[in-house]
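The structure appears below as structure tokens.
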Amino acid sequence: FLAAKRAVDCALTAADKLLEGYRIAYALVRPPGHHAERNVYGGFCYFNNAAVAANYLSSFGKIAILDIDYHHGNGQQDIFYSRNDVLTVSIHGEPSTSYPYFTGFISEKGEGSGLGFNINLPLHEHITNDEYMTTLEKAIRNIQSFGPSYIIVCLGLDTARGDPTGSWNLNTSAYKRIGSMIGNLKQPVLVIQEGGYLTRSIGANAKHFFLGLWNTKYKTIAQVSR
């Protein structure tokens, strides 16, 4: 409980850094959070760090959550499904083959005032880096159309080659490109660590993601670690 609570505290501290004027803040936390729904925990997640930060920042403008973990961000989908001030976008493995199996379908688009503000972009079990980038471009176009004041990135590095919980093959150059594409949105970005379990490469992949993000001319960065 203490570790999970501190992860939430870290995410909120990082959110405050954006409000202070930082362009990038990184909540380097474990346990992850994006599978935690309003009434359910799972997938190593107990509190939804990204959702808590998004709800907090929503008092200061519209928020877009971009989940790039290998697994569907069912937590933020459940929490914001009826809201139109928080756009939730998730790129993930097909629910038919990937955890959590019961959510993440294209047909899940939100309800009530939130209809159209939940976007799922599932991909096959085995894809090329170019297929991933094409899907990321589509996600970014949706975020641009929404026009958020702040972007929250659920950084799952279990999309990497050899990760024991995923089946994709992203490498360091791919992560640098991902960071650059997100950085080109030119909005303050809060990055919250989610999955990623191949200890040999997780550090290098994170580094290259931030090199891509940084090289889009951001001037200040804050890192908050539990």
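Residue numbers start at 1 in each chain; chains themselves are named A, B, ... in the order of the structure tokens; ligands are numbered from 1 in the order shown.
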Contact residues around Ala160 in chain A with only C-alpha atoms at 9 Å, ignoring same-chain residues under 2 positions, as a PyMOL selection string: chain A and resi 70+157-158+162-163+166-172+175+196+198+201-202+205
Can you list, as a ChimeraX atom specification, every protein, DNA or RNA residue that comes within 9 Å of Ala11 in chain A when you count only C-alpha atoms, leaving out same-chain residues fewer than 6 positions away? /A:26-29,49-50,52-53,190-192,224
Fewer than 6 positions away in the same chain doesn't count, so skip those; otherwise give me all residues within 12 Å of Asn39 in chain A, counting only C-alpha atoms, as a compact mmCIF listing (two decimals) with all heavy atoms, in the first residue's frame.
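The resulting file, selection.txt, is shown below:
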```txt
# COMPACT_ATOMS: atom_id res chain seq x y z
N TYR A 46 -2.78 -0.93 -8.47
CA TYR A 46 -3.68 -0.75 -7.34
C TYR A 46 -4.37 0.61 -7.36
O TYR A 46 -5.55 0.73 -7.07
CB TYR A 46 -2.91 -0.93 -6.03
CG TYR A 46 -2.28 -2.30 -5.94
CD1 TYR A 46 -0.95 -2.50 -6.32
CD2 TYR A 46 -3.03 -3.40 -5.54
CE1 TYR A 46 -0.38 -3.76 -6.27
CE2 TYR A 46 -2.46 -4.67 -5.48
CZ TYR A 46 -1.14 -4.84 -5.86
OH TYR A 46 -0.59 -6.08 -5.82
N PHE A 47 -3.62 1.67 -7.70
CA PHE A 47 -4.18 3.00 -7.90
C PHE A 47 -3.78 3.47 -9.30
O PHE A 47 -2.65 3.19 -9.74
CB PHE A 47 -3.65 4.00 -6.87
CG PHE A 47 -3.92 3.61 -5.44
CD1 PHE A 47 -2.87 3.56 -4.53
CD2 PHE A 47 -5.19 3.31 -5.01
CE1 PHE A 47 -3.11 3.20 -3.21
CE2 PHE A 47 -5.44 2.95 -3.70
CZ PHE A 47 -4.39 2.90 -2.79
N ASN A 48 -4.67 4.17 -9.98
CA ASN A 48 -4.37 4.61 -11.34
C ASN A 48 -3.66 5.97 -11.29
O ASN A 48 -4.29 7.02 -11.23
CB ASN A 48 -5.65 4.69 -12.17
CG ASN A 48 -5.36 4.77 -13.65
OD1 ASN A 48 -4.52 5.56 -14.07
ND2 ASN A 48 -6.04 3.95 -14.44
N ASN A 74 -7.18 -0.04 -19.58
CA ASN A 74 -8.59 -0.18 -19.20
C ASN A 74 -8.97 0.68 -18.01
O ASN A 74 -10.13 1.05 -17.86
CB ASN A 74 -8.92 -1.65 -18.91
CG ASN A 74 -8.07 -2.23 -17.79
OD1 ASN A 74 -6.85 -2.38 -17.96
ND2 ASN A 74 -8.67 -2.57 -16.66
N GLY A 75 -8.00 1.02 -17.18
CA GLY A 75 -8.31 1.81 -16.00
C GLY A 75 -8.80 3.20 -16.35
O GLY A 75 -9.89 3.62 -15.94
N GLN A 76 -8.01 3.92 -17.12
CA GLN A 76 -8.44 5.28 -17.49
C GLN A 76 -9.66 5.26 -18.41
O GLN A 76 -10.48 6.18 -18.38
CB GLN A 76 -7.30 6.11 -18.08
CG GLN A 76 -6.55 5.47 -19.20
CD GLN A 76 -5.30 4.75 -18.73
OE1 GLN A 76 -5.20 4.38 -17.57
NE2 GLN A 76 -4.35 4.56 -19.63
N ASP A 78 -12.20 3.21 -18.11
CA ASP A 78 -13.33 3.06 -17.19
C ASP A 78 -13.59 4.36 -16.42
O ASP A 78 -14.75 4.79 -16.28
CB ASP A 78 -13.03 1.93 -16.21
CG ASP A 78 -14.08 1.81 -15.12
OD1 ASP A 78 -15.19 1.32 -15.40
OD2 ASP A 78 -13.78 2.21 -13.96
N ILE A 79 -12.55 5.01 -15.98
CA ILE A 79 -12.69 6.18 -15.11
C ILE A 79 -13.24 7.39 -15.87
O ILE A 79 -14.05 8.16 -15.35
CB ILE A 79 -11.34 6.49 -14.44
CG1 ILE A 79 -11.00 5.39 -13.44
CG2 ILE A 79 -11.36 7.86 -13.76
CD1 ILE A 79 -9.56 5.41 -12.95
```
What is the CA of Tyr41 in chain A-CA of Phe146 in chain A distance in Å, reported with one decimal? 28.9 Å
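Once range 90-107 of chain A and its same-chain neighbours fewer than 4 positions away are set aside, Leu66, Asp67, Ile68, Asp69, Tyr70, His71, His72, Gly73, Asn74, Ile119, Asn120, Leu121, Pro122, Leu123, His124 and Glu125 of chain A remain within 7 Å of it when counting only C-alpha atoms.
Distances from A:Pro188, A:Gly195, A:Gly212, A:Gly147 to Ala25 in chain A were compared using only C-alpha atoms, and the smallest one belongs to A:Pro188.
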Would you compute the distance between CA of Phe210 in chain A and CA of Ile65 in chain A? Give it in Å to one decimal.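 CA of Ile65 in chain A lies at a distance of 17.4 Å from CA of Phe210 in chain A.
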Which residues, written as a ChimeraX atom specification, have at least one atom at most 10 Å from Asn142 in chain A, with only C-alpha atoms counted and residues fewer than 2 positions away on the same chain left out? /A:64,87,89,117,119,136-140,144-147
Which residue gives the smallest distance to Ala174 in chain A among A:Leu211, A:Val153, A:Met133, A:Leu19, with only C-alpha atoms counted?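 Nearest to Ala174 in chain A: A:Met133.
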Residue nearest Cys10 in chain A among A:Leu115, A:Gln193, A:Thr199, A:Ser149 (counting only C-alpha atoms):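 Among the listed residues, A:Gln193 lies closest to Cys10 in chain A.
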Among range 84-213 of chain A, which residues carry a DSSP assignment of alpha helix (DSSP H), reported as a ChimeraX atom specification? /A:129-146,172-183,202-213
